[in-house]
Structure formats: structure tokens, C-alpha cells
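Novice: The structure is given below, and queries will be raised subsequently.
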Amino acid sequence: MFYPKLAAGRQQTLTTEAFGGYDHNLELADGEFYDMENLSADAYPLLAPRPRRGTAQAIEGVQGILAKDALCWVQNNTLYINGASMEAYMPSVSISAGEKQLISMGAYLCIFPDGIYFNTEKYSDNGYMGQENTVNAASTNIDISLCLVDGTALTVSYTQASQPENPSNGQYWLDTSGKLHTLKQWAEATSQWVSVPTVYLKLSANGIGKGFQQYDGIRLSGLTGNEQVEKLNGSQILYDVGESYLVIVGLVDETTKVTSGTVKTARKVPSMDFITESGNRLWGCKYGVADGETANEIYCCKLGDFKNWECYQGVSTDSWRASCGTDGKWTGAATLADSPIFFKEDCFHRVYPSASGAHQVVVQKCAGVQNGSSKSLVVVDDRLYYKSRMGVCVYDGSLPQEIGSCFGTKLYYNAVAGGARGKYFISMEDESHNWSLFVYDTRKGLWHKEDSTHAEDFARVDDELYFLEDGTLRTVYGSVGTLEAPVGWMAETGIMTYGLVGKKYVSRINLRMQLPKGSSVDFWVQYDSDGVWRHCGHIEGRGLRTFLLPIRPARCDHLKFRLTGKGEMKLFSLARVLEAGSDA
């Protein structure tokens with residue numbers, strides 16, 4: 001007698017050996033995780049926790065931070081370099097309260113909006129970029145007279161409308177025949193009067209030139225008198241200067257004294273929203289009201305001179321500014337490949353500097369930097385990364401591309417970012433005001449979620465990335481500071497669906513991993529989206545050898561699982577054995 005044979009259940013084994021990172025969408029690729037904590041792409045294609053961080057020091061009240069050869073920051077209105085206070089070297093400089101933008105230009109550290117500079121190689125070289133002198137003309141008369149470019153007095157032999165007779169070589173004639181008077185000089189060799197192309201004036205008064213240097217661009221205001229004197233108000237170039245005099249371009253018919261009013265001489269730094277350095281110049285942008293006038297402009301300082309923003313001599317090294325026609329306020333600024341880029345939410349303005357000084361601005365309509373996320377602009381491996389409204393974008397010089405689709409439908413704001421070792425670290429706030437730190441490995445193209453870190457600022461020194469959190473300076477890779485305890489981590493899969501026809505179930509899950517001594521891992525399963533996580537196994541580290549952790553889930557329609565652990569771990573593979581059941 002023969003018994004009927006039972007057909008073996010159809011099985012299918014799905015093995016994952018490459019773990020792709022974070023993806024918070026409903027449909028995930030194999031090896032991706034719907035949620036995670038403190039995982040990293042360092043061991044890719046294996047899954048492993050992030051490195052242990054370091055705690056460098058507590059620094060409450062930080063207003064801005066920047067990395068040069070050493071870490072620099074402003075704390076409680078005082079500048080610190082590598083942890084040492086610079087207050088003793090800055091007796092004439094006072095840093096105000098409030099948030100600061102710290103910009104590096106060569107050896108100099110520039111602090112905005114205060115307009116303060118500090119030489120990090122020569123500490124005694126510091127001060128304000130701007131300078132303003134006020135002269136009360138009633139008590140200190142201002143003498144205005146013709147002079148040569150070096151300030152030497154110039155004597156006019158004739159002041160008249162008709163041409164002088166029998167002049168001597170080199171004599172000057174002030175021709176008043178036309179509406180615009182001109183200065184001419186007699187040339188014996190050609191027997192004719194030659195117009196002097198540039199006429200200079202010397203303004204003399206105690207303190208009128210204090211703090212200025214030759215070829216500074218300044219603003220003169222408050223000069224009163226005849227039409228020639230009042231025309232001197234406005235932008236001027238200083239061709240020579242001393243504490244008690246200025247030499248500028250201008251013309252007066254006779255030596256004049258200004259005896260009333262308040263005269264101001266000022267070298268001004270414009271009010272700017274965001275500043276960046278490129279090509280030995282500082283570049284900035286402003287949207288709103290500046291000096292009582294509406295502004296939507298881009299500026300740059302004189303070549304190699306961050307003190308001068310209004311020096312216009314008609315040469316290639318001049319300061320420069322351009323008005324912009326796009327609407328909306330500026331949201332950030334950065335430099336990519338020696339080209340400054342200024343962002344709004346729906347576009348950016350890229351400036352192409354010219355050696356001749358004819359800089360060109362090109363406007364690109366695209367996803368710009370999200371308002372409030374100006375600190376997300378970071379260059380990593382010659383590409384610019386930033387947070388836009390649509391997600392995280394990368395710009396390589398062509399068009400920005402979104403790389404943040406892994407965040408799903410969740411919206412994030414107020415992003416702050418840093419970059420080191422080919423990775424882009426970004427701390428963002430979601431709609432529920434919860435903060436998360438995400439890491440994008442630019443070389444592997446993978447996102448990982450770390451933890452709830454609320455980074456206020458990042459700064460990279462060599463290969464270490466510092467970040468500021470809750471008044472504490474920490475390091476991402478732990479090479480500086482006290483190492484934290486072993487890292488707790490978590491990985492959660494999405495809903496698992498399979499390609500078998502009819503009812504199906506996972507009969508076994510096999511995990512192959514390496515778990516050193518002192519580390520541990522727990523396995524959790526959730527069936528049919530019931531919201532309950534069931535504990536299915538616990539393993540303590542047994543050394544560096546790999547081992548197999550078999551899990552037998554209950555029969556269900558679908559499931560997802562979660563791994564939690566503490567300490568070092570490497571997950572080599574995850575295998576799921578599926579069996580098909582009946583349609584009942």
C-alpha cells in the first residue's frame with residue numbers, strides 16, 4: 001500500500017549583502033532602512049555604527065565660529081583663537097552682542113556685522129574696517145587749496161577769463177571763461193597753454209585724515225560754501241593723506257576756508273546680509289534698506305583690501321557693486337571654484353570675476369537656499385551642497401540636483417551643515433520642532449541618520465569636524481576631546497512584500513554579523529503593521545568572529561523588523577527564507 005506523497009512547500013531565499021542607508025519612503029530598495037539611528041556608511045557594503053564622538057570643551061555664549069589653521073570663535077563679545085582670548089591684543093576694538101559671521105581672508109579674520117579685522121599671524125594688527133572722522137568747522141576751520149598730487153602747494157599765477165600775456169614756463173592759469181573753470185599750465189617748448197588733466201585739492205584740519213590710508217575711498221559730507229566747495233561732498237579717492245590733511249580731486253578758484261557746519265570724512269563698510277571670500281576679495285549682498293535707501297545689491301571690496309568698498313579709480317583693482325532685479329531677500333552666499341554665488345529661495349546669482357574688473361553676474365532660476373538655512377552651504381570634494389525647500393541639493397557648476405529624496409514627505413527647516421572626509425553632515429529641524437543629524441557620503445551616494453543632535457554651527461580643522469551643541473564643542477570623529485560611551489544604534493526596515501503568488505510568510509531570518517566583546521544586539525519584529533514590536537532575540541558580543549543569528553517569525557501577511565544594539569557591530573548579510581502557503 002502506498003501513501004500519497006506531499007509536495008514540498010515552495011521556498012525562496014532573499015539575501016541582502018549590501019546595505020544602502022536611509023530612505024524614509026514607503027517603498028524601499030533592498031538593503032535600505034525606513035528609520036535608523038547612529039549608523040554609518042564607513043563600512044559599506046556592510047552595516048556599521050558611526051564612530052564615537054569627542055567632547056572638546058564647554059563654551060557657553062558662542063556668537064560665531066570659524067576654522068583657520070586653528071579653531072576661532074567669538075564668545076561673550078571676545079575673540080578666541082585655539083582657546084586663547086585675544087582681548088588683550090584688541091584694546092581699541094569692541095565686539096558687540098549678537099550673532100556674527102566670521103570670514104577668513106588670507107591671514108585675516110573678519111567679523112561681521114561689526115566690520116572688525118584681526119591678523120591671526122600678527123595679533124597687534126587689528127581694528128575696524130570702517131573709519132569716520134568728524135570736524136566741527138566752527139571751532140576748527142577747514143582750509144581748501146590747490147595742490148599737487150603729493151600735497152605740495154600749487155600757486156596760480158593768473159585767474160582770469162582772457163589768455164595771459166608773456167607767461168613763464170610752468171606757470172599756472174585758472175581759465176574762468178567757460179561755465180566750467182579749467183586749470184592750464186604754460187609749456188615753453190610748444191608755446192601754448194596745456195590743460196592740467198587732473199587737479200588736486202588739499203583739505204587741512206586737525207583730525208580730518210585720521211585712520212585713513214593713501215588710495216582709500218571715502219565719503220565727504222557737510223562741506224558748505226560756494227558751488228565748487230559743495231560739489232566736493234560725496235565719494236572721493238585719497239591720493240595723499242595725513243592725520244591733519246587729505247588730498248582729493250577737485251577745483252576751487254581760490255584758497256577757501258570752511259568755517260561752519262559739521263564735516264564728516266568716512267570710509268564705510270556696507271551693511272550686508274551674507275559675506276564670502278573669493279579671489280582675494282570679500283563679496284557681500286544686501287536686500288532691504290541700507291543708509292535710508294532700498295537696496296538689492298551685490299558688493300565686493302577693493303582687491304586685497306577689505307577696508308575699501310567704495311574705491312572707484314577706474315582700474316581693475318577697484319571696488320565693485322551691482323544692482324539685482326530678482327525679487328526676495330538673500331538666503332545665503334558661498335564660493336565655488338573662485339566664483340562667489342549669492343542665493344535666494346528660487347534662484348542664485350553667480351558672479352564671474354574678471355581680471356579687468358568687468359565682473360559679470362549670471363542669474364539662474366532654480367531651487368535656491370531655503371530661508372533660514374544659510375549655514376547649510378558647504379563645499380565637499382569641489383561640489384556645493386545646501387538645503388533648499390525641495391530638499392538637499394548639490395551644485396557642481398551646471399544645475400543644482402536634488403539628493404534628498406530619501407526624506408520622504410517630511411519637511412525640514414533651519415539647516416546647519418559641515419563637511420569632512422568626503423561627508424556632508426546636516427542638522428535640521430522638522431515640523432514638530434524635533435532635530436535630526438543626517439550624513440551624506442558624497443563618494444558612495446548614501447544617506448544615514450545619526451541622532452537628534454541640534455548643531456548650531458560646524459567648523460573643520462584638518463580632517464576633524466567640530467560642531468557646537470548646547471554650549472559644548474564636540475568632534476564628529478573623536479580625534480580631539482573625551483570619547484563618548486559606546487554608541488547605541490538602531491536599524492528599522494520598511495514593510496516587507498514579496499513576489500510569491502498567494503499567501504506567503506517568512507519562515508526564517510538569518511543574520512550574519514560580527515559583534516566584538518562588550519557589544520550587544522537585539523532583534524524585534526512587527527507583524528501586519530499592528531504597531532507592536534516583539535522581542536525575538538538578544539546576543540552578547542563573543543569576539544571578532546562572525547556568527548549566524550536565526551530568527552523564526554510567526555506566520556503573517558507582511559512584517560518589518562528592527563535591530564537595536566550598543567557598541568561596535570558589522571552586519572555582513574541578512575537572509576530571509578520565504579514559504580508559500582494556501583490561499584485560505
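By order of appearance in the C-alpha cells: chains A, B, ..., then residues from 1 within every chain, and ligands from 1 in the order shown.
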Within 10 Å of Gln160 in chain A, counting only C-alpha atoms, which residues show up once you throw out same-chain ones fewer than 4 positions away? Write them as a PyMOL selection string, please.
Specialist: chain A and resi 164+173-177+181+253
Novice: Got a sec: who's within 9 Å of Pro400 in chain A, counting only C-alpha atoms, leaving out chain neighbours fewer than 2 positions off, as a list in words?
Specialist: Cys366, Ala367, Gly368, Leu384, Tyr385, Cys393, Val394, Tyr395, Asp396, Gly397, Ser398 and Glu402 of chain A
Novice: Keeping only all heavy atoms, write the selected residues to a file as a JSON list (two decimals), in the first residue's frame.
Specialist:
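This went into result38.json:
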[["chain", "number", "residue", "atom", "x", "y", "z"],
["A", 366, "CYS", "N", 16.29, 78.47, -10.23],
["A", 366, "CYS", "CA", 16.35, 77.08, -9.78],
["A", 366, "CYS", "C", 16.03, 77.05, -8.29],
["A", 366, "CYS", "O", 15.68, 78.08, -7.71],
["A", 366, "CYS", "CB", 17.75, 76.50, -10.03],
["A", 366, "CYS", "SG", 19.03, 77.38, -9.12],
["A", 367, "ALA", "N", 16.13, 75.88, -7.70],
["A", 367, "ALA", "CA", 15.91, 75.76, -6.26],
["A", 367, "ALA", "C", 17.11, 76.35, -5.53],
["A", 367, "ALA", "O", 18.22, 75.84, -5.61],
["A", 367, "ALA", "CB", 15.74, 74.29, -5.87],
["A", 368, "GLY", "N", 16.88, 77.47, -4.84],
["A", 368, "GLY", "CA", 17.95, 78.13, -4.10],
["A", 368, "GLY", "C", 17.97, 77.67, -2.65],
["A", 368, "GLY", "O", 17.35, 76.67, -2.27],
["A", 384, "LEU", "N", 29.15, 71.97, -4.23],
["A", 384, "LEU", "CA", 28.47, 72.78, -3.23],
["A", 384, "LEU", "C", 27.15, 72.13, -2.83],
["A", 384, "LEU", "O", 26.29, 71.87, -3.69],
["A", 384, "LEU", "CB", 28.22, 74.18, -3.79],
["A", 384, "LEU", "CG", 27.52, 75.19, -2.87],
["A", 384, "LEU", "CD1", 28.37, 75.44, -1.62],
["A", 384, "LEU", "CD2", 27.25, 76.50, -3.60],
["A", 385, "TYR", "N", 26.98, 71.87, -1.54],
["A", 385, "TYR", "CA", 25.76, 71.25, -1.01],
["A", 385, "TYR", "C", 25.00, 72.28, -0.18],
["A", 385, "TYR", "O", 25.60, 73.10, 0.52],
["A", 385, "TYR", "CB", 26.11, 70.04, -0.14],
["A", 385, "TYR", "CG", 26.76, 68.91, -0.91],
["A", 385, "TYR", "CD1", 28.12, 68.93, -1.18],
["A", 385, "TYR", "CD2", 26.01, 67.83, -1.37],
["A", 385, "TYR", "CE1", 28.72, 67.90, -1.90],
["A", 385, "TYR", "CE2", 26.59, 66.80, -2.09],
["A", 385, "TYR", "CZ", 27.95, 66.84, -2.34],
["A", 385, "TYR", "OH", 28.53, 65.82, -3.06],
["A", 393, "CYS", "N", 20.31, 69.79, -1.98],
["A", 393, "CYS", "CA", 20.75, 69.89, -3.37],
["A", 393, "CYS", "C", 22.27, 69.93, -3.44],
["A", 393, "CYS", "O", 22.94, 70.34, -2.49],
["A", 393, "CYS", "CB", 20.19, 71.15, -4.03],
["A", 393, "CYS", "SG", 18.39, 71.17, -4.21],
["A", 394, "VAL", "N", 22.79, 69.51, -4.59],
["A", 394, "VAL", "CA", 24.22, 69.60, -4.86],
["A", 394, "VAL", "C", 24.40, 70.37, -6.17],
["A", 394, "VAL", "O", 23.65, 70.18, -7.14],
["A", 394, "VAL", "CB", 24.87, 68.20, -4.95],
["A", 394, "VAL", "CG1", 24.21, 67.33, -6.01],
["A", 394, "VAL", "CG2", 26.37, 68.33, -5.23],
["A", 395, "TYR", "N", 25.38, 71.27, -6.18],
["A", 395, "TYR", "CA", 25.64, 72.10, -7.35],
["A", 395, "TYR", "C", 27.11, 71.95, -7.71],
["A", 395, "TYR", "O", 28.00, 72.20, -6.89],
["A", 395, "TYR", "CB", 25.31, 73.56, -7.03],
["A", 395, "TYR", "CG", 25.66, 74.54, -8.13],
["A", 395, "TYR", "CD1", 25.05, 74.45, -9.38],
["A", 395, "TYR", "CD2", 26.60, 75.55, -7.92],
["A", 395, "TYR", "CE1", 25.36, 75.35, -10.38],
["A", 395, "TYR", "CE2", 26.90, 76.45, -8.92],
["A", 395, "TYR", "CZ", 26.28, 76.35, -10.15],
["A", 395, "TYR", "OH", 26.60, 77.24, -11.15],
["A", 396, "ASP", "N", 27.36, 71.53, -8.96],
["A", 396, "ASP", "CA", 28.74, 71.33, -9.42],
["A", 396, "ASP", "C", 29.15, 72.32, -10.49],
["A", 396, "ASP", "O", 30.21, 72.17, -11.11],
["A", 396, "ASP", "CB", 28.92, 69.90, -9.93],
["A", 396, "ASP", "CG", 28.02, 69.58, -11.11],
["A", 396, "ASP", "OD1", 27.28, 70.49, -11.56],
["A", 396, "ASP", "OD2", 28.04, 68.43, -11.59],
["A", 397, "GLY", "N", 28.32, 73.35, -10.73],
["A", 397, "GLY", "CA", 28.63, 74.34, -11.75],
["A", 397, "GLY", "C", 27.68, 74.32, -12.92],
["A", 397, "GLY", "O", 27.68, 75.25, -13.74],
["A", 398, "SER", "N", 26.85, 73.28, -13.03],
["A", 398, "SER", "CA", 25.87, 73.21, -14.13],
["A", 398, "SER", "C", 24.50, 73.63, -13.61],
["A", 398, "SER", "O", 24.16, 74.81, -13.62],
["A", 398, "SER", "CB", 25.84, 71.80, -14.72],
["A", 398, "SER", "OG", 25.63, 70.83, -13.70],
["A", 402, "GLU", "N", 18.74, 67.57, -6.87],
["A", 402, "GLU", "CA", 18.28, 67.16, -5.56],
["A", 402, "GLU", "C", 18.85, 65.80, -5.19],
["A", 402, "GLU", "O", 18.86, 64.87, -6.00],
["A", 402, "GLU", "CB", 16.76, 67.09, -5.51],
["A", 402, "GLU", "CG", 16.23, 66.82, -4.11],
["A", 402, "GLU", "CD", 14.78, 66.39, -4.07],
["A", 402, "GLU", "OE1", 14.17, 66.27, -5.15],
["A", 402, "GLU", "OE2", 14.26, 66.16, -2.97]]
Novice: At a cut-off of 10 Å, using only C-alpha atoms, what residues contact Ile208 in chain A? Leave out same-chain residues fewer than 2 positions from it and give the result as a ChimeraX atom specification.
Specialist: /A:132-135,142,203-206,210-212,241-246,263-266
Novice: Per DSSP on the backbone, what are the strand (DSSP E or B) residues of range 362-524 of chain A, as a compact mmCIF listing (two decimals) with C-alpha atoms, in the first residue's frame?
Specialist:
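The resulting states_22.txt:
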# COMPACT_ATOMS: atom_id res chain seq x y z
CA VAL A 362 24.60 85.42 -14.27
CA VAL A 363 21.17 84.66 -12.77
CA GLN A 364 19.93 81.06 -12.69
CA LYS A 365 16.30 80.26 -11.86
CA VAL A 378 29.19 73.64 2.37
CA VAL A 379 31.72 72.68 -0.32
CA VAL A 380 32.69 68.99 -0.16
CA ARG A 383 30.79 70.41 -5.03
CA LEU A 384 28.47 72.78 -3.23
CA TYR A 385 25.76 71.25 -1.01
CA TYR A 386 22.85 73.14 0.54
CA LYS A 387 19.30 72.83 1.88
CA SER A 388 16.53 74.07 -0.41
CA GLY A 391 15.31 69.00 -0.07
CA VAL A 392 19.09 68.84 -0.12
CA CYS A 393 20.75 69.89 -3.37
CA VAL A 394 24.22 69.60 -4.86
CA TYR A 395 25.64 72.10 -7.35
CA GLN A 401 20.41 68.43 -8.43
CA GLU A 402 18.28 67.16 -5.56
CA TYR A 412 12.82 70.19 7.40
CA TYR A 413 13.94 73.73 8.20
CA ASN A 414 16.79 75.80 9.70
CA ALA A 415 19.53 73.52 8.41
CA VAL A 416 23.15 73.84 9.59
CA ALA A 417 25.86 71.79 7.90
CA GLY A 418 29.55 70.92 7.78
CA GLY A 419 31.82 68.74 5.69
CA ALA A 420 34.84 66.50 6.30
CA LYS A 423 30.90 63.54 4.01
CA TYR A 424 28.20 66.19 4.31
CA PHE A 425 26.73 66.50 7.83
CA ILE A 426 23.44 68.39 8.11
CA SER A 427 21.40 69.11 11.24
CA MET A 428 17.76 70.06 10.56
CA GLU A 429 14.52 70.78 12.40
CA ASP A 430 11.26 69.13 11.35
CA TRP A 435 16.11 67.98 15.37
CA SER A 436 17.94 65.28 13.44
CA LEU A 437 21.50 64.91 12.17
CA PHE A 438 21.87 63.30 8.74
CA VAL A 439 25.08 62.35 6.95
CA TYR A 440 25.55 62.07 3.20
CA ASP A 441 28.57 60.13 1.98
CA LEU A 446 24.38 57.14 0.66
CA TRP A 447 22.39 58.90 3.40
CA HIS A 448 22.47 57.81 7.03
CA LYS A 449 20.62 59.19 10.02
CA ASP A 457 27.49 75.57 13.79
CA PHE A 458 30.20 73.42 12.18
CA ALA A 459 33.89 74.08 11.54
CA ARG A 460 36.52 71.77 10.05
CA VAL A 461 40.16 71.77 11.20
CA GLU A 464 38.30 66.70 12.14
CA LEU A 465 34.86 68.31 12.07
CA TYR A 466 33.83 70.33 15.13
CA PHE A 467 30.24 71.21 15.95
CA LEU A 468 28.64 73.32 18.63
CA GLU A 469 25.70 71.91 20.60
CA THR A 472 29.58 72.37 24.18
CA LEU A 473 32.18 71.96 21.45
CA ARG A 474 32.21 68.40 20.13
CA THR A 475 34.09 66.48 17.43
CA THR A 482 37.00 62.89 25.57
CA LEU A 483 35.38 59.96 23.77
CA GLY A 488 23.69 52.90 20.82
CA TRP A 489 22.26 52.24 17.35
CA MET A 490 19.08 51.12 15.58
CA ALA A 491 18.00 50.00 12.10
CA GLU A 492 14.38 49.53 11.08
CA MET A 496 8.40 43.63 3.50
CA LYS A 504 3.35 33.80 1.91
CA TYR A 505 5.32 34.05 5.09
CA VAL A 506 8.88 34.36 6.32
CA SER A 507 9.86 31.05 7.83
CA ARG A 508 13.33 32.12 8.96
CA ILE A 509 15.60 35.16 9.09
CA ASN A 510 19.34 34.66 9.26
CA LEU A 511 21.69 37.47 10.27
CA ARG A 512 25.44 37.12 9.77
CA MET A 513 27.33 39.68 11.80
CA GLN A 514 30.49 40.47 13.70
CA SER A 520 25.19 43.57 22.11
CA VAL A 521 22.30 43.35 19.67
CA ASP A 522 18.53 42.76 19.99
CA PHE A 523 16.09 41.69 17.31
CA TRP A 524 12.46 42.93 17.13
Novice: Report, in Å to a single decimal, how far apart CA of Ser573 in chain A and CA of Lys517 in chain A are.
Specialist: 20.0 Å
Novice: For Ser519 in chain A, list every protein, DNA or RNA residue within 7 Å, evaluated using only C-alpha atoms, and leave out those in the same chain fewer than 2 positions away; present the list as a PyMOL selection string.
Specialist: chain A and resi 515-517+540-541+566-568
Novice: Could you save the residues just selected, with N, CA and C atoms, as a short mmCIF file (atom, residue, chain, number, x, y, z; two decimals), in the first residue's frame?
Specialist:
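Written output follows (part39.cif):
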data_model
loop_
_atom_site.label_atom_id
_atom_site.label_comp_id
_atom_site.auth_asym_id
_atom_site.auth_seq_id
_atom_site.Cartn_x
_atom_site.Cartn_y
_atom_site.Cartn_z
N LEU A 515 30.31 40.82 16.09
CA LEU A 515 29.94 41.53 17.31
C LEU A 515 31.05 41.35 18.33
N PRO A 516 31.94 42.33 18.50
CA PRO A 516 33.05 42.18 19.46
C PRO A 516 32.54 42.09 20.90
N LYS A 517 33.42 41.67 21.78
CA LYS A 517 33.08 41.59 23.20
C LYS A 517 32.74 42.99 23.72
N GLU A 540 25.00 38.73 23.00
CA GLU A 540 26.13 39.48 23.54
C GLU A 540 27.36 39.18 22.67
N GLY A 541 28.24 40.19 22.56
CA GLY A 541 29.43 40.03 21.72
C GLY A 541 30.32 38.90 22.18
N LYS A 566 24.27 48.14 20.92
CA LYS A 566 25.17 49.09 21.55
C LYS A 566 26.59 48.61 21.32
N GLY A 567 27.45 49.54 20.92
CA GLY A 567 28.84 49.20 20.67
C GLY A 567 29.09 48.86 19.21
N GLU A 568 30.27 48.37 18.94
CA GLU A 568 30.68 48.07 17.57
C GLU A 568 29.93 46.85 17.03
#
Novice: If we count only C-alpha atoms, what is near Ile81 in chain A at a cut-off of 10 Å, once residues fewer than 3 positions away on the same chain are taken out, given as a list of chain:residue names?
Specialist: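 After dropping sequence-adjacent residues, the list is A:Leu66, A:Ala67, A:Lys68, A:Asp69, A:Ala70, A:Leu71, A:Cys72, A:Trp73, A:Val74, A:Ala84, A:Ser85, A:Met86, A:Thr120.
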Novice: Write out as a list in words the residues lying within 10 Å of Gly130 in chain A, counting only C-alpha atoms and excluding same-chain residues fewer than 4 positions away.
Specialist: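 Everything that qualifies: Asp114, Gly115, Ile116, Gly211, Phe212, Ile218, Ala266, Arg267, Lys268, Val269, Pro270, Phe306, Lys307, Asn308 and Trp309 of chain A.
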Novice: Give me the residues near range 326-339 of chain A as number ranges by chain, where near means some atom within 9 Å (using only C-alpha atoms) and where sequence neighbours in that chain fewer than 2 positions away do not count.
Specialist: A: 273-279, 283-288, 296, 324, 341-347, 350-353, 363, 368-379, 382-384, 396-397
Novice: Between A:Ala187, A:Val149, A:Cys556, A:Ala161, which is the closest to Val525 in chain A once you count only C-alpha atoms?
Specialist: A:Cys556
Novice: Find, counting only C-alpha atoms, the residue in A:Ala554, A:Met36, A:Val194, A:Leu79 that gets nearest to Ser452 in chain A.
Specialist: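 Once distances to Ser452 in chain A are computed over only C-alpha atoms, the minimum belongs to A:Met36.
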Novice: Between A:Glu121, A:Glu60, A:Glu254, A:Glu456, which has the minimum distance to Thr159 in chain A (counting only C-alpha atoms)?
Specialist: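 Comparing A:Glu121, A:Glu60, A:Glu254, A:Glu456 against Thr159 in chain A, the winner is A:Glu254.
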